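To be precise, the following lines are data.tsv, and they hold TSV, C-alpha atoms.
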```tsv
chain	number	residue	atom	x	y	z
A	360	MET	CA	0.00	0.00	0.00
A	361	ASN	CA	1.18	3.51	-0.66
A	362	PRO	CA	2.11	4.89	2.76
A	363	ALA	CA	0.08	8.00	1.99
A	364	ASP	CA	-3.03	5.84	1.67
A	365	HIS	CA	-2.59	4.20	5.07
A	366	PRO	CA	-5.55	5.10	7.31
A	367	ASP	CA	-3.21	6.46	9.98
A	368	ALA	CA	-1.18	8.62	7.62
A	369	THR	CA	-1.44	12.30	8.49
A	370	ARG	CA	-1.51	14.74	5.69
A	371	PRO	CA	-2.94	18.16	5.24
A	372	ALA	CA	-6.33	17.46	3.79
A	373	ALA	CA	-7.35	20.06	1.26
A	374	ALA	CA	-10.78	20.24	2.88
A	375	ALA	CA	-9.44	20.91	6.41
A	376	LEU	CA	-8.79	24.64	6.16
A	377	ILE	CA	-9.42	26.71	9.24
A	378	ARG	CA	-10.50	30.31	9.30
A	379	ILE	CA	-8.33	32.42	11.55
A	380	SER	CA	-7.37	36.06	11.72
A	381	VAL	CA	-3.75	37.05	11.51
A	382	ASN	CA	-2.87	40.48	12.88
A	383	GLY	CA	-6.41	41.58	12.23
A	384	LEU	CA	-6.87	40.15	8.74
A	385	PRO	CA	-8.97	37.04	8.09
A	386	GLN	CA	-7.14	34.13	6.52
A	387	SER	CA	-7.88	30.54	5.64
A	388	VAL	CA	-4.99	28.25	6.37
A	389	PRO	CA	-4.46	24.49	6.62
A	390	ALA	CA	-4.69	23.18	10.15
A	391	MET	CA	-1.33	23.86	11.76
A	392	THR	CA	0.36	24.69	15.01
A	393	LEU	CA	1.38	28.22	15.96
A	394	ALA	CA	5.02	27.21	15.46
A	395	GLN	CA	4.22	26.12	11.93
A	396	TRP	CA	2.43	29.38	11.34
A	397	VAL	CA	5.52	31.36	12.39
A	398	ALA	CA	7.61	29.30	9.98
A	399	SER	CA	5.07	29.79	7.20
A	400	ALA	CA	5.31	33.55	7.77
A	401	GLY	CA	9.02	33.31	7.03
A	402	ALA	CA	9.98	34.58	10.46
A	403	ALA	CA	12.75	33.35	12.71
A	404	PRO	CA	11.11	32.08	15.92
A	405	GLU	CA	13.02	34.55	18.12
A	406	SER	CA	12.23	37.55	15.92
A	407	LEU	CA	8.66	37.92	17.08
A	408	ALA	CA	6.37	37.27	20.01
A	409	THR	CA	3.00	35.61	19.61
A	410	ALA	CA	-0.42	35.81	21.17
A	411	VAL	CA	-3.58	33.88	20.36
A	412	ASN	CA	-6.95	35.31	21.35
A	413	GLY	CA	-5.22	37.94	23.46
A	414	GLU	CA	-3.18	35.43	25.45
A	415	PHE	CA	0.59	35.31	25.21
A	416	VAL	CA	1.92	32.02	23.86
A	417	ALA	CA	5.57	31.49	24.76
A	418	ARG	CA	8.02	30.53	22.05
A	419	ASP	CA	8.51	27.02	23.37
A	420	ALA	CA	4.75	26.51	23.69
A	421	ARG	CA	4.05	27.31	20.04
A	422	ALA	CA	4.61	23.78	18.76
A	423	ALA	CA	1.99	22.46	21.15
A	424	ARG	CA	-0.57	25.15	20.32
A	425	LEU	CA	-2.79	23.86	17.54
A	426	LEU	CA	-4.64	26.66	15.79
A	427	ARG	CA	-8.42	26.31	15.68
A	428	ASP	CA	-11.22	27.82	13.66
A	429	GLY	CA	-11.85	31.36	14.86
A	430	ASP	CA	-8.47	31.90	16.53
A	431	ALA	CA	-7.01	35.41	16.38
A	432	VAL	CA	-3.27	35.21	15.96
A	433	MET	CA	-1.13	38.24	16.65
A	434	SER	CA	2.59	38.65	16.25
A	435	PHE	CA	4.64	41.40	17.81
A	436	GLN	CA	8.02	42.82	16.93
A	437	PRO	CA	10.49	45.23	18.56
A	438	ILE	CA	10.03	48.88	17.59
A	439	GLN	CA	11.45	52.22	18.59
A	440	GLY	CA	10.01	53.59	21.81
A	441	GLY	CA	10.48	56.13	24.58
B	121	MET	CA	30.62	56.92	40.00
B	122	SER	CA	28.61	53.75	40.01
B	123	TRP	CA	25.04	53.42	41.17
B	124	GLN	CA	22.62	50.50	41.48
B	125	ILE	CA	19.26	50.17	39.78
B	126	GLY	CA	17.09	47.13	39.17
B	127	GLY	CA	19.89	44.79	40.15
B	128	ARG	CA	22.49	46.38	37.87
B	129	ALA	CA	25.40	48.72	38.41
B	130	LEU	CA	25.52	51.69	36.05
B	131	GLN	CA	27.78	54.70	35.55
B	132	SER	CA	25.33	56.82	33.58
B	133	ARG	CA	22.18	58.37	35.04
B	134	PHE	CA	20.85	59.20	31.60
B	135	PHE	CA	18.27	56.82	30.13
B	136	LEU	CA	17.48	57.46	26.49
B	137	GLY	CA	14.49	56.62	24.31
B	138	THR	CA	14.84	55.39	20.76
B	139	ALA	CA	11.77	56.83	19.01
B	140	GLY	CA	11.45	59.50	16.35
B	141	TYR	CA	15.03	60.09	15.27
B	142	PRO	CA	15.72	61.39	11.76
B	143	SER	CA	17.58	58.20	10.84
B	144	PRO	CA	18.94	54.97	12.33
B	145	ASP	CA	22.44	56.38	11.91
B	146	ILE	CA	21.64	59.48	13.95
B	147	LEU	CA	19.98	57.33	16.60
B	148	GLN	CA	23.13	55.23	16.89
B	149	GLN	CA	25.35	58.30	17.14
B	150	ALA	CA	23.04	59.91	19.68
B	151	ILE	CA	23.14	56.85	21.92
B	152	ALA	CA	26.93	56.91	21.75
B	153	ALA	CA	27.12	60.65	22.45
B	154	SER	CA	24.71	60.35	25.36
B	155	GLY	CA	26.74	57.74	27.22
B	156	ALA	CA	23.39	56.19	28.10
B	157	GLN	CA	23.59	52.63	29.32
B	158	VAL	CA	19.83	52.07	29.33
B	159	VAL	CA	17.66	52.59	26.26
B	160	THR	CA	13.93	52.11	25.95
B	161	MET	CA	12.15	50.30	23.15
B	162	GLY	CA	8.61	49.30	22.35
B	163	LEU	CA	6.85	46.46	20.66
B	164	LYS	CA	3.85	46.44	18.44
B	165	ARG	CA	1.67	44.18	16.43
B	166	GLN	CA	3.08	43.40	13.05
B	167	LEU	CA	1.26	44.52	9.95
B	168	ALA	CA	-0.43	41.60	8.23
B	169	HIS	CA	1.77	41.98	5.18
B	170	GLY	CA	4.57	43.96	6.72
B	171	ALA	CA	8.27	43.27	6.43
B	172	GLN	CA	10.30	42.10	9.40
B	173	ALA	CA	11.98	44.86	11.35
B	174	GLY	CA	15.11	43.03	12.38
B	175	ASP	CA	17.63	45.73	11.52
B	176	PHE	CA	16.43	48.22	14.11
B	177	PHE	CA	16.66	45.69	16.89
B	178	SER	CA	20.14	44.60	15.81
B	179	LEU	CA	21.28	48.22	15.77
B	180	ILE	CA	20.09	48.77	19.33
B	181	LYS	CA	21.58	45.52	20.58
B	182	ALA	CA	24.91	46.44	19.02
B	183	THR	CA	25.15	49.53	21.23
B	184	GLY	CA	25.57	47.24	24.22
B	185	ALA	CA	23.07	49.25	26.26
B	186	HIS	CA	20.67	47.53	28.64
B	187	LEU	CA	17.21	47.30	27.11
B	188	LEU	CA	14.19	48.65	28.91
B	189	PRO	CA	11.13	47.65	26.86
B	190	ASN	CA	7.94	49.60	27.42
B	191	THR	CA	4.25	48.77	27.29
B	192	ALA	CA	3.38	51.91	25.34
B	193	GLY	CA	-0.06	51.81	23.74
B	194	CYS	CA	-1.66	49.81	26.53
B	195	ARG	CA	-4.85	51.13	28.06
B	196	THR	CA	-5.62	48.32	30.48
B	197	ALA	CA	-3.69	46.26	32.98
B	198	ARG	CA	-4.52	43.11	31.01
B	199	GLU	CA	-3.00	44.51	27.81
B	200	ALA	CA	0.08	45.69	29.67
B	201	VAL	CA	0.62	42.35	31.42
B	202	THR	CA	0.31	40.48	28.11
B	203	LEU	CA	2.64	42.90	26.33
B	204	ALA	CA	5.14	42.68	29.17
B	205	ALA	CA	5.28	38.89	28.86
B	206	MET	CA	6.01	39.25	25.16
B	207	ALA	CA	8.62	41.90	25.84
B	208	ARG	CA	10.39	39.69	28.34
B	209	GLU	CA	10.70	36.94	25.78
B	210	LEU	CA	11.59	39.15	22.82
B	211	PHE	CA	14.10	41.36	24.61
B	212	ASP	CA	15.36	38.70	27.03
B	213	THR	CA	15.09	40.94	30.08
B	214	ARG	CA	12.93	41.05	33.19
B	215	TRP	CA	13.07	44.85	33.16
B	216	ILE	CA	9.83	46.47	32.00
B	217	LYS	CA	8.83	50.12	31.75
B	218	LEU	CA	5.18	49.86	32.66
B	219	GLU	CA	3.01	52.37	30.81
B	220	VAL	CA	-0.75	52.17	31.09
B	221	VAL	CA	-2.30	55.26	29.63
B	222	GLY	CA	-5.55	56.79	30.84
B	223	ASP	CA	-6.08	59.72	28.48
B	224	GLU	CA	-5.41	60.06	24.76
B	225	HIS	CA	-4.37	63.72	24.81
B	226	THR	CA	-2.21	63.95	27.88
B	227	LEU	CA	-1.09	60.30	27.72
B	228	GLN	CA	-1.15	60.44	31.48
B	229	PRO	CA	-0.76	57.20	33.38
B	230	ASP	CA	-3.97	55.52	34.53
B	231	PRO	CA	-3.05	55.15	38.19
B	232	PHE	CA	-5.62	52.42	38.83
B	233	GLU	CA	-4.80	50.14	35.90
B	234	LEU	CA	-1.11	50.84	36.46
B	235	LEU	CA	-1.35	49.53	40.02
B	236	ILE	CA	-3.20	46.36	38.98
B	237	ALA	CA	-0.63	45.69	36.26
B	238	ALA	CA	2.29	46.40	38.58
B	239	GLU	CA	1.01	43.96	41.20
B	240	GLN	CA	0.71	41.19	38.63
B	241	LEU	CA	4.05	41.86	36.99
B	242	VAL	CA	5.89	41.93	40.31
B	243	LYS	CA	4.33	38.51	41.07
B	244	ASP	CA	5.49	37.31	37.66
B	245	GLY	CA	9.09	38.23	38.51
B	246	PHE	CA	9.50	41.43	36.54
B	247	GLU	CA	11.59	44.40	37.64
B	248	VAL	CA	8.91	47.04	37.13
B	249	PHE	CA	9.83	50.62	36.19
B	250	PRO	CA	6.38	52.23	36.46
B	251	TYR	CA	5.72	55.41	34.49
B	252	CYS	CA	3.50	57.14	37.04
B	253	THR	CA	2.04	60.49	38.05
B	254	ASP	CA	3.65	62.58	40.78
B	255	ASP	CA	0.92	61.73	43.28
B	256	LEU	CA	2.58	60.61	46.51
B	257	VAL	CA	-0.13	58.20	47.62
B	258	SER	CA	-0.30	56.53	44.19
B	259	CYS	CA	3.46	56.16	44.34
B	260	ARG	CA	3.23	54.60	47.79
B	261	ARG	CA	0.70	52.07	46.49
B	262	LEU	CA	3.08	51.09	43.71
B	263	LEU	CA	5.82	50.51	46.26
B	264	ASP	CA	3.42	48.49	48.45
B	265	ALA	CA	2.68	46.37	45.36
B	266	GLY	CA	6.36	45.50	45.13
B	267	CYS	CA	7.81	48.11	42.79
B	268	ARG	CA	11.34	49.07	43.81
B	269	ILE	CA	11.62	52.00	41.40
B	270	LEU	CA	9.34	54.89	40.47
B	271	MET	CA	9.35	56.99	37.30
B	272	PRO	CA	7.12	60.02	37.86
B	273	TRP	CA	6.43	62.34	34.98
B	274	GLY	CA	7.89	65.80	34.56
B	275	ALA	CA	5.29	66.84	31.98
B	276	PRO	CA	3.20	65.05	29.32
B	277	ILE	CA	5.14	62.70	27.04
B	278	GLY	CA	6.80	64.56	24.18
B	279	SER	CA	5.65	67.98	25.38
B	280	GLY	CA	9.12	69.30	26.21
B	281	GLN	CA	7.64	71.49	28.93
B	282	GLY	CA	10.16	70.55	31.59
B	283	LEU	CA	9.21	69.97	35.20
B	284	VAL	CA	5.72	71.47	35.46
B	285	ASN	CA	5.28	70.51	39.11
B	286	PRO	CA	8.65	70.67	40.84
B	287	TYR	CA	6.89	70.95	44.19
B	288	ALA	CA	5.38	67.49	43.74
B	289	LEU	CA	8.70	66.02	42.61
B	290	ARG	CA	10.47	67.62	45.56
B	291	THR	CA	7.81	66.08	47.84
B	292	LEU	CA	8.37	62.63	46.38
B	293	ARG	CA	12.11	62.93	46.90
B	294	ALA	CA	11.64	64.08	50.49
B	295	ARG	CA	9.00	61.49	51.44
B	296	LEU	CA	10.60	58.54	49.63
B	297	PRO	CA	14.29	59.09	50.35
B	298	ASP	CA	15.42	55.52	49.77
B	299	VAL	CA	13.55	54.79	46.55
B	300	PRO	CA	15.29	55.12	43.19
B	301	LEU	CA	13.36	57.91	41.47
B	302	ILE	CA	13.68	58.62	37.76
B	303	VAL	CA	11.98	61.58	36.11
B	304	ASP	CA	10.40	60.25	32.93
B	305	ALA	CA	8.57	62.29	30.27
B	306	GLY	CA	8.26	65.90	29.37
B	307	ILE	CA	11.89	66.94	29.61
B	308	GLY	CA	12.68	69.55	26.95
B	309	SER	CA	16.16	70.94	27.42
B	310	PRO	CA	19.24	70.09	29.45
B	311	ALA	CA	18.20	72.72	32.02
B	312	ASP	CA	15.21	70.51	32.87
B	313	ALA	CA	17.46	67.50	33.34
B	314	VAL	CA	19.79	69.54	35.52
B	315	GLN	CA	16.81	70.65	37.61
B	316	ALA	CA	15.66	67.06	38.09
B	317	MET	CA	19.13	65.92	39.08
B	318	GLU	CA	19.62	68.83	41.47
B	319	LEU	CA	16.36	67.83	43.16
B	320	GLY	CA	18.10	64.58	43.94
B	321	PHE	CA	16.43	62.34	41.41
B	322	ASP	CA	18.51	59.32	40.60
B	323	ALA	CA	18.24	59.51	36.82
B	324	VAL	CA	16.24	60.99	33.98
B	325	LEU	CA	14.59	59.29	31.04
B	326	LEU	CA	13.96	61.34	27.94
B	327	ASN	CA	13.43	60.79	24.24
B	328	SER	CA	11.88	63.66	22.31
B	329	ALA	CA	14.24	66.24	23.78
B	330	VAL	CA	17.08	64.54	21.92
B	331	ALA	CA	15.27	62.99	18.94
B	332	HIS	CA	13.42	66.20	18.02
B	333	ALA	CA	16.35	68.55	18.55
B	334	ILE	CA	17.74	70.15	15.42
B	335	ASP	CA	21.00	68.29	16.02
B	336	PRO	CA	20.16	65.21	18.09
B	337	VAL	CA	23.72	63.98	18.42
B	338	THR	CA	25.01	67.25	19.87
B	339	MET	CA	21.91	67.50	22.06
B	340	ALA	CA	22.58	64.00	23.39
B	341	ARG	CA	26.01	65.18	24.44
B	342	ALA	CA	24.53	68.32	26.00
B	343	PHE	CA	22.16	66.20	28.05
B	344	ARG	CA	25.00	63.93	29.09
B	345	LEU	CA	26.88	66.91	30.48
B	346	GLY	CA	23.74	68.32	32.07
B	347	VAL	CA	22.88	65.10	33.88
B	348	GLU	CA	26.44	64.82	35.16
B	349	ALA	CA	26.50	68.47	36.24
B	350	GLY	CA	23.16	68.20	38.00
B	351	ARG	CA	24.20	65.11	39.88
B	352	LEU	CA	27.52	66.62	40.94
B	353	ALA	CA	25.71	69.73	42.13
B	354	TYR	CA	23.30	67.65	44.19
B	355	GLU	CA	26.15	65.70	45.75
B	356	ALA	CA	28.09	68.91	46.39
B	357	GLY	CA	25.21	70.49	48.26
B	358	VAL	CA	23.68	73.58	46.64
B	359	MET	CA	23.87	76.71	48.76
B	360	ALA	CA	20.78	77.87	50.61
B	361	ARG	CA	18.71	80.56	48.92
B	362	GLN	CA	18.40	83.88	50.71
B	363	ASP	CA	15.66	86.48	50.31
B	364	MET	CA	18.02	89.41	50.61
B	365	ALA	CA	21.65	89.98	49.70
B	366	VAL	CA	24.43	88.44	51.71
B	367	ALA	CA	27.66	90.24	50.89
B	368	SER	CA	30.39	87.97	49.71
B	369	THR	CA	33.32	90.37	49.88
B	370	PRO	CA	34.33	90.84	53.53
B	371	VAL	CA	34.28	94.62	53.96
B	372	THR	CA	34.06	96.25	57.37
B	373	GLY	CA	32.67	99.74	57.62
B	374	GLN	CA	32.94	101.82	54.45
B	375	PRO	CA	36.33	101.35	52.80
B	376	PHE	CA	36.33	104.64	50.82
B	377	LEU	CA	35.86	106.92	53.83
B	378	LEU	CA	39.24	107.51	55.33
```
In structure tokens, how does this file's structure come out?
Amino acid sequence: MNPADHPDATRPAAAALIRISVNGLPQSVPAMTLAQWVASAGAAPESLATAVNGEFVARDARAARLLRDGDAVMSFQPIQGG
Amino acid sequence: MSWQIGGRALQSRFFLGTAGYPSPDILQQAIAASGAQVVTMGLKRQLAHGAQAGDFFSLIKATGAHLLPNTAGCRTAREAVTLAAMARELFDTRWIKLEVVGDEHTLQPDPFELLIAAEQLVKDGFEVFPYCTDDLVSCRRLLDAGCRILMPWGAPIGSGQGLVNPYALRTLRARLPDVPLIVDAGIGSPADAVQAMELGFDAVLLNSAVAHAIDPVTMARAFRLGVEAGRLAYEAGVMARQDMAVASTPVTGQPFLL
């Protein structure tokens, strides 16, 4: 059997998109963890800080945080300030 | 001369902000000219399609200064606590300048939300540098909540008005003699920094006064000298003011009448 056809094989199913917002803009993305989202945004993990639904998610907790339908993801970066 | 703040020993009593400079190059030169060993930074939500802003952060880190991230833009304790947690991770420091603003025009601290945020952040292990009003009782509450440092305002952020209520600042210094006090916000010219230092404040934090000067780099140097002069004057003990004249030349009688 083709390994991809095995019942236990995990693969991103085209139908399993979730609707989230990213920094205020709605997006449909495949089901993924927050860590995967950071990678998909092309950002180094230590270059930004993340929050989901207004709650801070630490860098080392991102891999365990599965994004769900309706989640609001926000990323924060260093800026000038007084 | 070395002094202690937030668990660190510093030589400079001049904290400098990093916002609003004409260019990154001028910012870098201004930090160098200031001798500042503590610089403030902020953090904000990325634009959905915005580019990464790594260069600015690298530039600041390269100065070797200690980073003091702020919670600018927060209106509630909850926002400030969340932003502080992100700042701690991003900037790798437990120092946080706690700003919780209560009015859009004056950007004055919200003393109530500030206190709630301070209590939580102290519990979470932060070294809190609260940007606060000059109200003595509010300041006492912040200390009761575990803050070891206070940063009362001189005037509204960016206003350059100088110390609009020196009486209140003098009161804080007199009633809280053992607390590190840093005047933060509203400083306009080196004379204002000198005034704060002569009052016995431990340091000053300013941004616009340097960034918005015509020549920020030279102004940074001017402030450096002013902060040093003010501190020396305080340590040297300024003479008492007199209402009337007190002759300095020791003449007896009237020297021109023989």
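For the pair atom CA of B:Ala311 and atom CA of B:Glu224, the separation is 27.8 Å.
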Atomic distance atom CA of B:Ile334 - atom CA of B:Met271, expressed in Å with one decimal: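 These two atoms are separated by 26.9 Å.
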Find the smallest box with edges along x, y and z containing every listed atom of stretch 421-428 of chain A, then add 3 Å on each side and report centre and edge lengths in Å to one decimal, as JSON.
```
{"center_x": -3.3, "center_y": 25.1, "center_z": 17.4, "size_x": 21.8, "size_y": 11.4, "size_z": 13.5}
```
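Considering the residues B:Ser258, B:Thr160, B:Ser122, B:Ser178 and counting all atoms listed in the file, B:Ile236 has its shortest atom-to-atom contact with B:Ser258.
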Interface, chain B side, toward chain A (9 Å; all atoms listed in the file) as a ChimeraX atom specification: /B:136-140,159-168,172-174,176-177,189-190,192,199,202-203,205-207,209-211,277,305,325-328
Would you write out those residues with C-alpha atoms, as an mmCIF file, keeping the file's coordinate frame?
```
data_model
loop_
_atom_site.group_PDB
_atom_site.id
_atom_site.type_symbol
_atom_site.label_atom_id
_atom_site.label_comp_id
_atom_site.auth_asym_id
_atom_site.auth_seq_id
_atom_site.Cartn_x
_atom_site.Cartn_y
_atom_site.Cartn_z
ATOM 1 C CA LEU B 136 17.480 57.460 26.490
ATOM 2 C CA GLY B 137 14.490 56.620 24.310
ATOM 3 C CA THR B 138 14.840 55.390 20.760
ATOM 4 C CA ALA B 139 11.770 56.830 19.010
ATOM 5 C CA GLY B 140 11.450 59.500 16.350
ATOM 6 C CA VAL B 159 17.660 52.590 26.260
ATOM 7 C CA THR B 160 13.930 52.110 25.950
ATOM 8 C CA MET B 161 12.150 50.300 23.150
ATOM 9 C CA GLY B 162 8.610 49.300 22.350
ATOM 10 C CA LEU B 163 6.850 46.460 20.660
ATOM 11 C CA LYS B 164 3.850 46.440 18.440
ATOM 12 C CA ARG B 165 1.670 44.180 16.430
ATOM 13 C CA GLN B 166 3.080 43.400 13.050
ATOM 14 C CA LEU B 167 1.260 44.520 9.950
ATOM 15 C CA ALA B 168 -0.430 41.600 8.230
ATOM 16 C CA GLN B 172 10.300 42.100 9.400
ATOM 17 C CA ALA B 173 11.980 44.860 11.350
ATOM 18 C CA GLY B 174 15.110 43.030 12.380
ATOM 19 C CA PHE B 176 16.430 48.220 14.110
ATOM 20 C CA PHE B 177 16.660 45.690 16.890
ATOM 21 C CA PRO B 189 11.130 47.650 26.860
ATOM 22 C CA ASN B 190 7.940 49.600 27.420
ATOM 23 C CA ALA B 192 3.380 51.910 25.340
ATOM 24 C CA GLU B 199 -3.000 44.510 27.810
ATOM 25 C CA THR B 202 0.310 40.480 28.110
ATOM 26 C CA LEU B 203 2.640 42.900 26.330
ATOM 27 C CA ALA B 205 5.280 38.890 28.860
ATOM 28 C CA MET B 206 6.010 39.250 25.160
ATOM 29 C CA ALA B 207 8.620 41.900 25.840
ATOM 30 C CA GLU B 209 10.700 36.940 25.780
ATOM 31 C CA LEU B 210 11.590 39.150 22.820
ATOM 32 C CA PHE B 211 14.100 41.360 24.610
ATOM 33 C CA ILE B 277 5.140 62.700 27.040
ATOM 34 C CA ALA B 305 8.570 62.290 30.270
ATOM 35 C CA LEU B 325 14.590 59.290 31.040
ATOM 36 C CA LEU B 326 13.960 61.340 27.940
ATOM 37 C CA ASN B 327 13.430 60.790 24.240
ATOM 38 C CA SER B 328 11.880 63.660 22.310
#
```
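Atom pair atom CA of B:Leu263 / atom CA of B:Gln315 has a distance of 24.5 Å (rounded to one decimal).
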Residues within 7 Å of stretch 292-303 of chain B, only C-alpha atoms, excluding chain neighbours under 6 positions, as a PyMOL selection string: chain B and resi 256+268-274+316+320-325
Residue contacts of B:Phe343 (7 Å, only C-alpha atoms) excluding same-chain residues fewer than 3 positions away, as a ChimeraX atom specification: /B:154,310,339-340,346-347
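Compared by their closest atoms to B:Ser143, and using all atoms listed in the file, the residues B:Thr369, B:Arg208, B:Leu218, B:Asp335 rank with B:Asp335 nearest.
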Reconstruct stretch 413-425 of chain A at the level of N, CA, C and O atoms, and format the result as a PDB file, in the frame of the given file.
```
ATOM      1  N   GLY A 413      -5.592  37.013  22.390  1.00  0.00           N
ATOM      2  CA  GLY A 413      -5.220  37.940  23.460  1.00  0.00           C
ATOM      3  C   GLY A 413      -4.362  37.343  24.548  1.00  0.00           C
ATOM      4  O   GLY A 413      -4.005  38.042  25.498  1.00  0.00           O
ATOM      5  N   GLU A 414      -4.029  36.072  24.430  1.00  0.00           N
ATOM      6  CA  GLU A 414      -3.180  35.430  25.450  1.00  0.00           C
ATOM      7  C   GLU A 414      -1.798  35.177  24.870  1.00  0.00           C
ATOM      8  O   GLU A 414      -1.669  34.619  23.775  1.00  0.00           O
ATOM      9  N   PHE A 415      -0.791  35.540  25.628  1.00  0.00           N
ATOM     10  CA  PHE A 415       0.590  35.310  25.210  1.00  0.00           C
ATOM     11  C   PHE A 415       0.846  33.804  25.087  1.00  0.00           C
ATOM     12  O   PHE A 415       0.456  33.030  25.962  1.00  0.00           O
ATOM     13  N   VAL A 416       1.475  33.406  24.002  1.00  0.00           N
ATOM     14  CA  VAL A 416       1.920  32.020  23.860  1.00  0.00           C
ATOM     15  C   VAL A 416       3.434  32.055  23.752  1.00  0.00           C
ATOM     16  O   VAL A 416       3.982  32.613  22.788  1.00  0.00           O
ATOM     17  N   ALA A 417       4.102  31.471  24.728  1.00  0.00           N
ATOM     18  CA  ALA A 417       5.570  31.490  24.760  1.00  0.00           C
ATOM     19  C   ALA A 417       6.139  30.742  23.567  1.00  0.00           C
ATOM     20  O   ALA A 417       5.505  29.839  23.015  1.00  0.00           O
ATOM     21  N   ARG A 418       7.365  31.122  23.206  1.00  0.00           N
ATOM     22  CA  ARG A 418       8.020  30.530  22.050  1.00  0.00           C
ATOM     23  C   ARG A 418       8.040  29.016  22.118  1.00  0.00           C
ATOM     24  O   ARG A 418       7.739  28.329  21.143  1.00  0.00           O
ATOM     25  N   ASP A 419       8.396  28.471  23.299  1.00  0.00           N
ATOM     26  CA  ASP A 419       8.510  27.020  23.370  1.00  0.00           C
ATOM     27  C   ASP A 419       7.166  26.326  23.555  1.00  0.00           C
ATOM     28  O   ASP A 419       7.115  25.103  23.640  1.00  0.00           O
ATOM     29  N   ALA A 420       6.094  27.103  23.624  1.00  0.00           N
ATOM     30  CA  ALA A 420       4.750  26.510  23.690  1.00  0.00           C
ATOM     31  C   ALA A 420       4.061  26.528  22.330  1.00  0.00           C
ATOM     32  O   ALA A 420       2.946  26.021  22.186  1.00  0.00           O
ATOM     33  N   ARG A 421       4.726  27.144  21.331  1.00  0.00           N
ATOM     34  CA  ARG A 421       4.050  27.310  20.040  1.00  0.00           C
ATOM     35  C   ARG A 421       3.820  25.970  19.339  1.00  0.00           C
ATOM     36  O   ARG A 421       2.809  25.794  18.645  1.00  0.00           O
ATOM     37  N   ALA A 422       4.747  25.058  19.483  1.00  0.00           N
ATOM     38  CA  ALA A 422       4.610  23.780  18.760  1.00  0.00           C
ATOM     39  C   ALA A 422       3.445  22.970  19.299  1.00  0.00           C
ATOM     40  O   ALA A 422       2.878  22.144  18.579  1.00  0.00           O
ATOM     41  N   ALA A 423       3.093  23.221  20.548  1.00  0.00           N
ATOM     42  CA  ALA A 423       1.990  22.460  21.150  1.00  0.00           C
ATOM     43  C   ALA A 423       0.648  23.165  20.970  1.00  0.00           C
ATOM     44  O   ALA A 423      -0.396  22.612  21.324  1.00  0.00           O
ATOM     45  N   ARG A 424       0.669  24.393  20.440  1.00  0.00           N
ATOM     46  CA  ARG A 424      -0.570  25.150  20.320  1.00  0.00           C
ATOM     47  C   ARG A 424      -1.135  24.950  18.915  1.00  0.00           C
ATOM     48  O   ARG A 424      -0.681  25.573  17.937  1.00  0.00           O
ATOM     49  N   LEU A 425      -2.129  24.102  18.809  1.00  0.00           N
ATOM     50  CA  LEU A 425      -2.790  23.860  17.540  1.00  0.00           C
ATOM     51  C   LEU A 425      -3.766  25.007  17.285  1.00  0.00           C
ATOM     52  O   LEU A 425      -4.561  25.365  18.162  1.00  0.00           O
TER      53      LEU A 425
END
```
